[in-house]
file run-v7.cif (mmCIF, C-alpha atoms)
data_upload
loop_
_atom_site.label_atom_id
_atom_site.label_comp_id
_atom_site.auth_asym_id
_atom_site.auth_seq_id
_atom_site.Cartn_x
_atom_site.Cartn_y
_atom_site.Cartn_z
CA MET A 262 76.51 -81.13 36.61
CA GLU A 263 74.65 -83.89 38.35
CA LYS A 264 74.84 -81.91 41.59
CA SER A 265 73.13 -78.90 40.02
CA LEU A 266 70.05 -80.99 39.06
CA ASN A 267 69.38 -81.88 42.65
CA PRO A 268 66.03 -80.37 43.65
CA LEU A 269 66.08 -77.66 46.29
CA ILE A 270 64.99 -79.01 49.62
CA PHE A 271 62.86 -76.60 51.72
CA SER A 272 61.87 -76.82 55.26
CA VAL A 273 58.06 -76.83 55.58
CA GLY A 274 58.05 -73.34 57.06
CA ASP A 275 60.35 -71.99 54.34
CA PHE A 276 58.22 -73.51 51.61
CA ILE A 277 55.07 -71.94 53.03
CA ALA A 278 56.92 -68.61 53.20
CA VAL A 279 58.11 -68.95 49.59
CA VAL A 280 54.59 -69.80 48.37
CA ASN A 281 53.17 -66.82 50.25
CA GLN A 282 55.87 -64.55 48.74
CA THR A 283 54.92 -65.89 45.30
CA PHE A 284 51.26 -65.17 45.96
CA GLU A 285 52.14 -61.73 47.22
CA TYR A 286 54.13 -61.02 44.06
CA ALA A 287 51.61 -62.54 41.63
CA TYR A 288 48.39 -61.43 43.38
CA PRO A 289 49.06 -58.63 45.87
CA ILE A 290 45.31 -58.02 45.91
CA VAL A 291 42.63 -59.99 44.16
CA GLN A 292 38.90 -59.29 43.72
CA ILE A 293 36.62 -62.31 43.67
CA GLU A 294 32.87 -62.54 43.32
CA GLY A 295 31.02 -65.41 44.94
CA GLU A 296 28.34 -66.49 47.38
CA VAL A 297 28.86 -66.44 51.14
CA ALA A 298 28.45 -69.72 53.07
CA SER A 299 29.12 -70.80 56.68
CA PHE A 300 29.45 -67.17 57.82
CA LYS A 301 30.46 -66.92 61.49
CA VAL A 302 32.07 -64.47 63.91
CA ASN A 303 34.39 -65.90 66.58
CA GLN A 304 35.06 -64.13 69.90
CA GLY A 305 33.38 -61.03 68.50
CA LYS A 306 36.57 -60.29 66.55
CA TYR A 307 37.27 -62.79 63.79
CA VAL A 308 35.07 -63.43 60.79
CA PHE A 309 35.19 -66.73 58.89
CA PHE A 310 33.19 -67.74 55.85
CA ASP A 311 33.43 -69.68 52.63
CA LEU A 312 33.21 -67.99 49.26
CA LYS A 313 31.79 -70.36 46.72
CA ASP A 314 30.24 -70.80 43.32
CA SER A 315 29.22 -73.85 41.32
CA GLU A 316 32.86 -74.61 40.53
CA GLY A 317 34.45 -74.44 43.97
CA SER A 318 34.83 -72.96 47.45
CA ILE A 319 37.56 -70.96 49.28
CA ASN A 320 38.02 -70.26 52.99
CA CYS A 321 38.01 -66.57 53.88
CA PHE A 322 39.14 -64.71 56.99
CA MET A 323 38.79 -61.07 58.09
CA THR A 324 38.36 -59.02 61.27
CA VAL A 325 34.97 -57.81 62.37
CA TRP A 326 36.13 -54.17 62.10
CA GLN A 327 36.58 -54.59 58.35
CA LEU A 328 32.91 -55.47 57.95
CA ARG A 329 31.26 -52.28 56.70
CA VAL A 330 27.90 -53.79 55.75
CA PRO A 331 25.86 -56.72 57.08
CA ILE A 332 26.74 -60.04 55.44
CA GLU A 333 24.67 -63.21 55.57
CA ASP A 334 24.87 -66.70 54.15
CA GLY A 335 23.62 -66.87 50.57
CA MET A 336 24.53 -63.27 49.84
CA LYS A 337 26.44 -62.58 46.65
CA VAL A 338 29.53 -60.47 47.39
CA ILE A 339 32.72 -59.10 45.90
CA ILE A 340 35.76 -59.34 48.14
CA SER A 341 39.17 -57.70 47.92
CA ALA A 342 41.67 -60.09 49.46
CA THR A 343 45.20 -61.46 49.53
CA PRO A 344 45.73 -65.20 49.08
CA LYS A 345 47.67 -67.02 51.76
CA ILE A 346 48.69 -70.47 52.98
CA THR A 347 48.51 -70.81 56.74
CA GLN A 348 51.19 -72.49 58.80
CA TRP A 349 48.97 -75.55 58.81
CA GLY A 350 49.01 -75.62 55.02
CA LYS A 351 45.48 -74.49 54.62
CA PHE A 352 44.76 -72.11 51.74
CA SER A 353 42.69 -69.06 52.64
CA LEU A 354 41.94 -65.53 51.56
CA THR A 355 42.63 -62.68 53.97
CA VAL A 356 39.81 -60.30 53.15
CA LYS A 357 40.49 -56.55 53.15
CA SER A 358 36.99 -55.50 52.15
CA ILE A 359 33.68 -57.07 51.26
CA ARG A 360 30.61 -55.59 49.60
CA PRO A 361 27.32 -57.02 48.40
CA SER A 362 27.11 -57.59 44.67
CA GLY A 363 24.02 -57.53 42.52
CA GLU A 364 20.68 -55.88 43.20
CA GLY A 365 19.32 -58.62 45.47
CA ALA A 366 22.35 -58.70 47.79
CA ILE A 367 22.65 -54.91 47.97
CA LYS A 368 18.95 -54.64 48.83
CA LYS A 369 19.17 -57.39 51.42
CA SER A 370 22.21 -55.81 53.08
CA PHE A 371 20.49 -52.42 53.02
CA GLU A 372 17.36 -53.79 54.71
CA VAL A 373 19.31 -55.64 57.41
CA LEU A 374 21.39 -52.57 58.31
CA LYS A 375 18.38 -50.29 58.10
CA ALA A 376 16.47 -52.46 60.58
CA LYS A 377 19.46 -52.52 62.93
CA LEU A 378 20.00 -48.75 62.90
CA GLU A 379 16.29 -48.08 63.12
CA ALA A 380 16.11 -50.25 66.24
CA GLU A 381 18.89 -48.11 67.72
CA GLY A 382 16.79 -45.00 67.06
CA LEU A 383 19.21 -43.40 64.62
CA PHE A 384 16.44 -42.40 62.23
CA ALA A 385 14.03 -41.17 64.92
CA PRO A 386 12.32 -37.85 64.08
CA GLU A 387 13.12 -36.48 67.56
CA ARG A 388 16.84 -36.68 66.73
CA LYS A 389 16.43 -34.35 63.77
CA ARG A 390 17.82 -30.85 64.19
CA LEU A 391 16.65 -27.77 62.34
CA LEU A 392 18.95 -26.09 59.88
CA PRO A 393 19.63 -22.36 60.31
CA GLN A 394 17.30 -20.24 58.19
CA ILE A 395 20.08 -18.46 56.30
CA PRO A 396 23.47 -20.00 57.13
CA GLN A 397 26.63 -17.90 56.84
CA ARG A 398 29.19 -20.71 56.97
CA ILE A 399 28.59 -24.10 55.44
CA ALA A 400 30.76 -27.15 54.86
CA VAL A 401 30.29 -29.28 51.77
CA ILE A 402 31.57 -32.83 51.34
CA SER A 403 31.54 -34.01 47.74
CA SER A 404 33.65 -34.71 44.72
CA THR A 405 34.40 -31.33 43.16
CA GLN A 406 34.51 -33.05 39.76
CA ALA A 407 31.00 -34.49 40.07
CA ALA A 408 28.03 -33.07 38.18
CA GLY A 409 26.00 -33.09 41.41
CA TYR A 410 28.51 -30.74 43.06
CA ALA A 411 28.43 -28.37 40.06
CA ASP A 412 24.61 -28.33 40.20
CA PHE A 413 24.68 -27.56 43.92
CA ILE A 414 27.13 -24.65 43.57
CA LYS A 415 25.23 -23.21 40.58
CA ILE A 416 21.88 -23.24 42.38
CA LEU A 417 23.49 -21.88 45.58
CA ASN A 418 25.06 -18.96 43.67
CA ASP A 419 21.86 -18.28 41.74
CA ARG A 420 19.77 -18.18 44.89
CA TRP A 421 21.86 -16.39 47.50
CA GLY A 422 25.12 -14.55 48.24
CA GLY A 423 27.49 -13.90 51.10
CA VAL A 424 27.80 -17.51 52.25
CA GLY A 425 31.23 -18.89 53.17
CA VAL A 426 31.49 -22.37 51.66
CA ASN A 427 34.29 -24.77 52.62
CA VAL A 428 34.46 -27.79 50.37
CA ALA A 429 36.14 -31.10 51.20
CA HIS A 430 36.93 -32.91 47.97
CA VAL A 431 36.45 -36.65 48.49
CA GLN A 432 35.81 -39.79 46.51
CA VAL A 433 32.04 -40.41 46.48
CA GLN A 434 32.02 -43.95 45.14
CA GLY A 435 34.21 -46.99 45.37
CA GLU A 436 36.00 -48.78 48.13
CA GLY A 437 37.78 -45.85 49.79
CA ALA A 438 34.86 -43.43 49.58
CA PRO A 439 33.18 -44.06 52.97
CA ASP A 440 36.44 -43.59 54.89
CA GLN A 441 37.25 -40.39 52.99
CA ILE A 442 33.81 -38.97 53.75
CA ILE A 443 34.14 -39.99 57.42
CA ARG A 444 37.52 -38.20 57.62
CA ALA A 445 35.98 -35.09 56.07
CA ILE A 446 33.07 -35.22 58.56
CA ASN A 447 35.57 -35.50 61.42
CA TYR A 448 37.68 -32.68 59.95
CA PHE A 449 34.77 -30.24 59.93
CA ASN A 450 33.54 -31.39 63.35
CA GLN A 451 36.96 -30.60 64.82
CA GLN A 452 37.03 -27.00 63.51
CA GLU A 453 37.33 -24.31 66.16
CA LEU A 454 34.53 -22.35 64.50
CA LEU A 455 32.03 -24.99 63.47
CA PRO A 456 30.22 -24.60 60.16
CA GLU A 457 26.48 -24.07 60.64
CA VAL A 458 25.52 -26.89 58.27
CA LEU A 459 27.32 -29.94 56.93
CA VAL A 460 26.18 -30.75 53.40
CA ILE A 461 26.97 -34.14 51.86
CA ILE A 462 26.11 -34.41 48.19
CA ARG A 463 26.50 -36.75 45.28
CA GLY A 464 24.67 -36.99 41.97
CA GLY A 465 22.83 -40.00 40.63
CA GLY A 466 24.40 -43.39 40.06
CA SER A 467 23.80 -47.11 40.11
CA ALA A 468 22.86 -48.93 43.32
CA ASP A 469 26.47 -50.06 43.52
CA ASP A 470 27.73 -46.44 43.15
CA LEU A 471 25.41 -45.25 45.90
CA ALA A 472 26.35 -48.15 48.19
CA THR A 473 28.97 -45.84 49.74
CA PHE A 474 26.10 -44.04 51.47
CA ASN A 475 24.83 -47.28 53.02
CA ASP A 476 28.14 -47.91 54.79
CA GLU A 477 27.55 -48.46 58.52
CA PRO A 478 30.51 -46.45 59.89
CA LEU A 479 29.64 -43.57 57.54
CA VAL A 480 26.00 -43.60 58.61
CA ARG A 481 27.12 -43.55 62.25
CA ALA A 482 29.54 -40.69 61.56
CA ILE A 483 26.70 -38.63 60.07
CA ALA A 484 24.53 -39.46 63.08
CA GLY A 485 27.35 -38.38 65.41
CA SER A 486 28.06 -35.06 63.69
CA ARG A 487 27.95 -32.06 66.00
CA ILE A 488 27.06 -29.99 62.97
CA PRO A 489 23.49 -30.35 61.64
CA THR A 490 23.57 -32.41 58.46
CA LEU A 491 21.90 -32.06 55.07
CA VAL A 492 22.33 -35.02 52.75
CA GLY A 493 21.43 -34.96 49.06
CA VAL A 494 22.49 -38.16 47.33
CA GLY A 495 21.36 -39.55 44.00
CA HIS A 496 18.05 -38.79 42.34
CA GLU A 497 14.70 -38.28 44.02
CA VAL A 498 13.87 -42.00 44.02
CA ASP A 499 17.19 -43.05 45.59
CA ILE A 500 17.06 -43.40 49.35
CA THR A 501 20.25 -44.28 51.19
CA LEU A 502 20.82 -44.81 54.91
CA ALA A 503 22.83 -41.56 54.90
CA ASP A 504 19.64 -39.81 53.75
CA LEU A 505 17.64 -41.42 56.54
CA VAL A 506 20.08 -40.53 59.30
CA ALA A 507 20.63 -36.92 58.16
CA ASP A 508 18.88 -34.11 59.99
CA VAL A 509 17.42 -33.02 56.67
CA ARG A 510 17.22 -35.04 53.47
CA ALA A 511 17.38 -33.39 50.07
CA ALA A 512 16.08 -35.26 47.04
CA THR A 513 19.03 -34.17 44.89
CA PRO A 514 22.13 -31.93 45.21
CA SER A 515 20.18 -29.09 43.54
CA ASN A 516 17.39 -29.57 46.05
CA ALA A 517 20.00 -29.36 48.85
CA ALA A 518 20.91 -25.85 47.67
CA GLN A 519 17.22 -24.92 47.52
CA ILE A 520 16.69 -26.13 51.09
CA LEU A 521 19.82 -24.40 52.34
CA VAL A 522 19.24 -20.81 51.22
CA PRO A 523 16.23 -18.76 50.16
CA ASP A 524 15.79 -17.45 46.64
CA LYS A 525 17.05 -13.85 46.51
CA ALA A 526 14.58 -12.87 43.75
CA GLU A 527 11.74 -14.14 45.93
CA SER A 528 13.22 -12.37 48.98
CA ILE A 529 13.43 -9.05 47.09
CA ARG A 530 9.78 -9.47 46.01
CA LEU A 531 8.79 -10.14 49.63
CA ILE A 532 10.72 -7.11 50.92
CA ARG A 533 9.08 -4.86 48.32
CA TYR A 534 5.67 -6.24 49.23
CA GLN A 535 6.27 -5.64 52.94
CA LEU A 536 7.38 -2.06 52.30
CA SER A 537 4.49 -1.35 49.94
CA SER A 538 2.06 -2.44 52.65
CA LEU A 539 3.47 0.00 55.22
CA LEU A 540 2.41 3.35 53.68
CA PRO A 541 -1.27 2.39 53.19
CA LYS A 542 -1.14 1.10 56.74
CA ILE A 543 0.07 4.50 58.02
CA LEU A 544 -2.64 6.31 55.98
CA GLN A 545 -5.27 3.92 57.29
CA LEU A 546 -4.12 4.54 60.84
CA ILE A 547 -4.27 8.32 60.27
CA ASP A 548 -7.88 7.90 59.02
CA GLN A 549 -8.70 5.80 62.07
CA LYS A 550 -7.20 8.48 64.33
CA LYS A 551 -9.24 11.17 62.53
CA GLN A 552 -12.42 9.17 62.96
CA SER A 553 -11.58 8.55 66.58
CA ILE A 554 -10.97 12.28 67.22
CA GLY A 555 -14.22 13.18 65.34
CA GLY A 556 -16.06 10.73 67.53
CA MET A 557 -14.63 12.27 70.67
CA ILE A 558 -15.63 15.82 69.55
CA ASN A 559 -19.18 14.62 68.83
CA GLN A 560 -19.25 13.05 72.27
CA ILE A 561 -18.18 16.35 73.88
CA ILE A 562 -20.83 18.32 71.90
CA SER A 563 -23.49 15.79 72.85
CA THR A 564 -22.52 16.04 76.53
CA ILE A 565 -22.71 19.87 76.42
CA GLU A 566 -26.12 19.75 74.68
CA ASP A 567 -27.42 17.32 77.31
CA ALA A 568 -26.22 19.65 80.09
CA ILE A 569 -27.95 22.64 78.43
CA ASP A 570 -31.17 20.64 78.08
CA ASP A 571 -31.01 19.71 81.78
CA GLN A 572 -30.51 23.34 82.76
CA SER A 573 -33.35 24.48 80.51
CA ARG A 574 -35.70 21.97 82.08
CA THR A 575 -34.71 23.12 85.58
CA VAL A 576 -35.28 26.79 84.69
CA ALA A 577 -38.69 26.02 83.13
CA SER A 578 -39.70 24.15 86.25
CA LEU A 579 -38.64 27.04 88.48
CA LYS A 580 -40.51 29.48 86.26
CA SER A 581 -43.62 27.37 86.62
CA VAL A 582 -43.29 27.40 90.41
CA LEU A 583 -42.62 31.15 90.39
CA SER A 584 -45.67 31.83 88.25
CA GLN A 585 -47.86 30.09 90.84
CA LEU A 586 -46.48 32.39 93.50
CA ASN A 587 -47.34 35.64 91.60
CA PRO A 588 -50.02 37.58 93.69
CA ASN A 589 -51.86 38.72 90.55
CA VAL A 590 -52.37 35.07 89.59
CA VAL A 591 -53.83 34.42 93.09
CA LEU A 592 -56.14 37.50 92.79
CA ALA A 593 -57.25 36.28 89.35
CA ARG A 594 -58.36 33.03 90.96
CA GLY A 595 -60.85 35.16 93.06
CA TYR A 596 -58.83 35.86 96.16
CA ALA A 597 -58.42 39.41 97.65
CA ILE A 598 -55.66 41.14 99.57
CA VAL A 599 -56.83 42.89 102.79
CA ARG A 600 -54.66 45.66 104.19
CA GLY A 601 -55.21 47.60 107.44
CA LEU A 602 -55.96 46.96 111.13
CA GLN A 603 -58.51 44.18 111.56
CA ALA A 604 -60.54 45.72 114.41
CA VAL A 605 -64.14 46.90 114.73
CA GLY A 606 -64.60 50.42 113.36
CA GLU A 607 -61.29 50.47 111.50
CA THR A 608 -61.11 51.23 107.78
CA ILE A 609 -59.37 48.51 105.70
CA GLU A 610 -58.34 48.30 102.07
CA VAL A 611 -59.49 45.32 99.97
CA GLU A 612 -57.76 44.59 96.65
CA THR A 613 -59.22 42.19 94.06
CA SER A 614 -57.98 41.42 90.60
CA GLU A 615 -60.02 44.28 89.24
CA ASN A 616 -60.65 46.80 92.13
CA ILE A 617 -59.17 48.39 95.23
CA MET A 618 -61.88 49.13 97.75
CA LYS A 619 -62.12 50.90 101.18
CA ALA A 620 -64.35 49.16 103.79
CA GLU A 621 -65.22 49.53 107.47
CA VAL A 622 -64.79 46.61 109.85
CA LYS A 623 -68.16 45.78 111.44
CA ASP A 624 -67.25 42.72 113.42
CA VAL A 625 -64.19 40.58 114.15
CA VAL A 626 -64.57 36.96 115.26
CA LYS A 627 -61.59 34.81 116.16
CA LYS A 628 -61.48 31.51 114.23
CA MET B 164 23.18 1.49 64.89
CA SER B 165 24.83 1.33 61.49
CA SER B 166 23.82 -1.60 59.33
CA LYS B 167 26.89 -1.40 57.11
CA ASN B 168 28.76 -4.29 58.74
CA LYS B 169 25.76 -6.53 59.23
CA THR B 170 25.09 -9.69 57.27
CA ILE B 171 22.09 -10.04 54.96
CA SER B 172 20.52 -12.30 57.54
CA GLU B 173 20.93 -9.71 60.33
CA LYS B 174 19.61 -6.93 58.11
CA THR B 175 16.62 -9.07 57.15
CA THR B 176 15.91 -9.70 60.84
CA ASP B 177 16.10 -5.93 61.51
CA LEU B 178 13.72 -5.24 58.63
CA THR B 179 11.27 -7.86 59.87
CA LYS B 180 11.32 -6.27 63.34
CA LEU B 181 10.68 -2.84 61.81
CA VAL B 182 7.72 -4.15 59.81
CA GLU B 183 6.35 -5.91 62.91
CA TRP B 184 6.64 -2.61 64.83
CA PHE B 185 3.88 -1.19 62.62
CA ASP B 186 1.50 -3.88 63.91
CA GLY B 187 2.77 -3.82 67.50
CA GLU B 188 1.65 -2.09 70.67
CA ASP B 189 4.56 0.38 70.54
CA PHE B 190 3.33 1.84 67.27
CA SER B 191 2.92 5.62 67.27
CA LEU B 192 2.09 7.85 64.34
CA GLU B 193 4.75 10.33 65.43
CA GLU B 194 7.50 7.73 64.92
CA ALA B 195 5.92 5.98 61.94
CA LEU B 196 7.45 8.12 59.22
CA ASP B 197 10.99 7.81 60.61
CA LYS B 198 10.55 4.06 60.98
CA TYR B 199 9.24 3.82 57.43
CA LYS B 200 12.27 5.72 56.09
CA GLU B 201 14.54 3.43 58.10
CA ALA B 202 12.81 0.34 56.68
CA GLU B 203 13.03 1.69 53.14
CA LYS B 204 16.78 2.34 53.54
CA LEU B 205 17.34 -1.14 54.98
CA ALA B 206 15.33 -2.79 52.22
CA THR B 207 17.39 -0.98 49.57
CA GLU B 208 20.61 -2.13 51.27
CA ILE B 209 19.41 -5.74 51.42
CA GLU B 210 18.43 -5.66 47.76
CA GLN B 211 21.84 -4.27 46.80
CA ASP B 212 23.61 -6.84 48.99
CA LEU B 213 21.60 -9.68 47.47
CA LYS B 214 22.43 -8.52 43.97
CA SER B 215 26.12 -7.88 44.58
CA LEU B 216 27.29 -10.37 47.23
CA LYS B 217 28.96 -13.53 45.99
CA ASN B 218 29.45 -16.77 47.86
CA ASP B 219 33.02 -17.40 48.96
CA ILE B 220 33.83 -20.99 47.93
CA GLN B 221 37.08 -22.45 49.24
CA ILE B 222 38.34 -25.96 48.59
CA VAL B 223 39.89 -27.38 51.76
CA LYS B 224 43.59 -28.13 51.26
CA GLN B 225 43.52 -31.15 53.50
CA LYS B 226 43.54 -34.50 51.68
CA PHE B 227 41.11 -37.15 52.86
CA ASP B 228 42.31 -40.16 50.88
CA THR B 229 44.61 -41.31 53.69
CA GLU B 230 44.72 -41.00 57.48
CA ASN B 231 46.55 -37.82 58.54
#
call {"tool": "encode", "arguments": {"input": "run-v7.cif", "output": "structure tokens"}}
result
Amino acid sequence: MEKSLNPLIFSVGDFIAVVNQTFEYAYPIVQIEGEVASFKVNQGKYVFFDLKDSEGSINCFMTVWQLRVPIEDGMKVIISATPKITQWGKFSLTVKSIRPSGEGAIKKSFEVLKAKLEAEGLFAPERKRLLPQIPQRIAVISSTQAAGYADFIKILNDRWGGVGVNVAHVQVQGEGAPDQIIRAINYFNQQELLPEVLVIIRGGGSADDLATFNDEPLVRAIAGSRIPTLVGVGHEVDITLADLVADVRAATPSNAAQILVPDKAESIRLIRYQLSSLLPKILQLIDQKKQSIGGMINQIISTIEDAIDDQSRTVASLKSVLSQLNPNVVLARGYAIVRGLQAVGETIEVETSENIMKAEVKDVVKK
Amino acid sequence: MSSKNKTISEKTTDLTKLVEWFDGEDFSLEEALDKYKEAEKLATEIEQDLKSLKNDIQIVKQKFDTEN
């Protein structure tokens, strides 16, 4: 009896192990909200900081690869972590994930990451690719249960037909969402026949809900997509880093569908208009041809008339010359024609315009 | 070439080319009527396609909640 009351004696290592097992059983994962202090990264791999509030402070540890958003001292955060006592007896939290909490911290984290990615040129206009005018195969990443997805599909179906749409159903908010979306991006980028456009959509939500789309690895995955990207997240006023890095940003999921395909009713109107303009065009061209031919005929007639005028003038001129050569005209001017041998004693004939006379030659003198 | 197996996009491109032909240097009145009939037929096909074709929406079977 007395023996059974003896307290159990642990070795130090065993006791630490037992305490850690107790923690693991009682708090396999715990979420704590607090303010970051003494934030530092050692050897580029290990992250240490204190999580504190007015009542106390706890040491926290995590790896740099688990940091999805920029964290700074003074920032209010929510961590998911497992409690642990180190072999040196120091209590600490091993952090699995950390995210800014509250509007101020979310905004601060957003601005820091935005500046970093902007400096890297990820949002540069020259990086932006054009989307195909009417895509035949598109990939959509969204939650198929979300209202934003339903809006997108409705508008897409209303506007256009014949598009092959492959949809990856993912979580679009919460801790696991960024990794799910990244896996879906990778999945589509590894397809043998790549989709022509990668559409990432999510309806409206709080700043915390939309924080998924400000996750650094997700933003980098969108930037690295081989497939041109169209991102429509939240409402018109919500701008996430995923929006900024996308090739094309849509204000809402419905707007994404409007950007993606034309409106078939509008297209039918345009086709009818184009066709209706062709027949008048043909008739107008026939009229132009007629006018052109009429002009050519007039030209030919004018040329012939000019040639006739030329000939008439030439004939009139010749007639004038001929009339001057007519002997009667010469006689009328007072001249006379003398016929016969011009020798003394010979009889000659003299013709004037009015008479023909016989005369004897009395004398001949050489000029 | 038959347009039966072409997509709406390809047919629309063909129609646009036909319409552009009427303003181009190759235009001839002799061919205009045949081209117009061709454009009219293509436009009717596109309209019918637009009214009847549905989008084919498939949900990918792959799960993305864990690494595969």
call {"tool": "closest_residue", "arguments": {"input": "run-v7.cif", "among": "A:Leu417, A:Leu374, A:Ile554, A:Val626", "to": "chain B", "atoms": "all atoms listed in the file"}}
result
A:Leu417
call {"tool": "interface_residues", "arguments": {"input": "run-v7.cif", "of": "chain A", "to": "chain B", "cutoff": "10 Å", "atoms": "all atoms listed in the file", "output": "JSON, numbers by chain"}}
result
{"A": [394, 395, 396, 397, 398, 399, 400, 401, 402, 405, 414, 417, 418, 419, 420, 421, 422, 423, 424, 425, 426, 427, 428, 429, 430, 431, 432, 437, 438, 440, 441, 442, 443, 444, 445, 448, 524, 525, 526, 528, 529, 530, 532, 533, 535, 536, 537, 538, 539, 540, 542, 543, 544, 546, 547, 550]}
call {"tool": "atom_distance", "arguments": {"input": "run-v7.cif", "atom1": "CA of Ala408 in chain A", "atom2": "CA of Gly464 in chain A"}}
result
6.4 Å
call {"tool": "atom_distance", "arguments": {"input": "run-v7.cif", "atom1": "CA of Tyr307 in chain A", "atom2": "CA of Ser362 in chain A"}}
result
22.3 Å
call {"tool": "atom_distance", "arguments": {"input": "run-v7.cif", "atom1": "CA of Ser581 in chain A", "atom2": "CA of Thr613 in chain A"}}
result
22.8 Å
call {"tool": "residues_around", "arguments": {"input": "run-v7.cif", "residues": "range 496-511 of chain A", "least_positions_apart": "6", "cutoff": "6 Å", "atoms": "all atoms listed in the file", "output": "ChimeraX atom specification"}}
result
/A:384,389-390,465,474-475,480,484,490,517
call {"tool": "resolve_selection", "arguments": {"input": "run-v7.cif", "expression": "the PyMOL selection byres ((chain A and resi 623) around 10)", "output": "ChimeraX atom specification"}}
result
/A:603-608,620-622,624-625
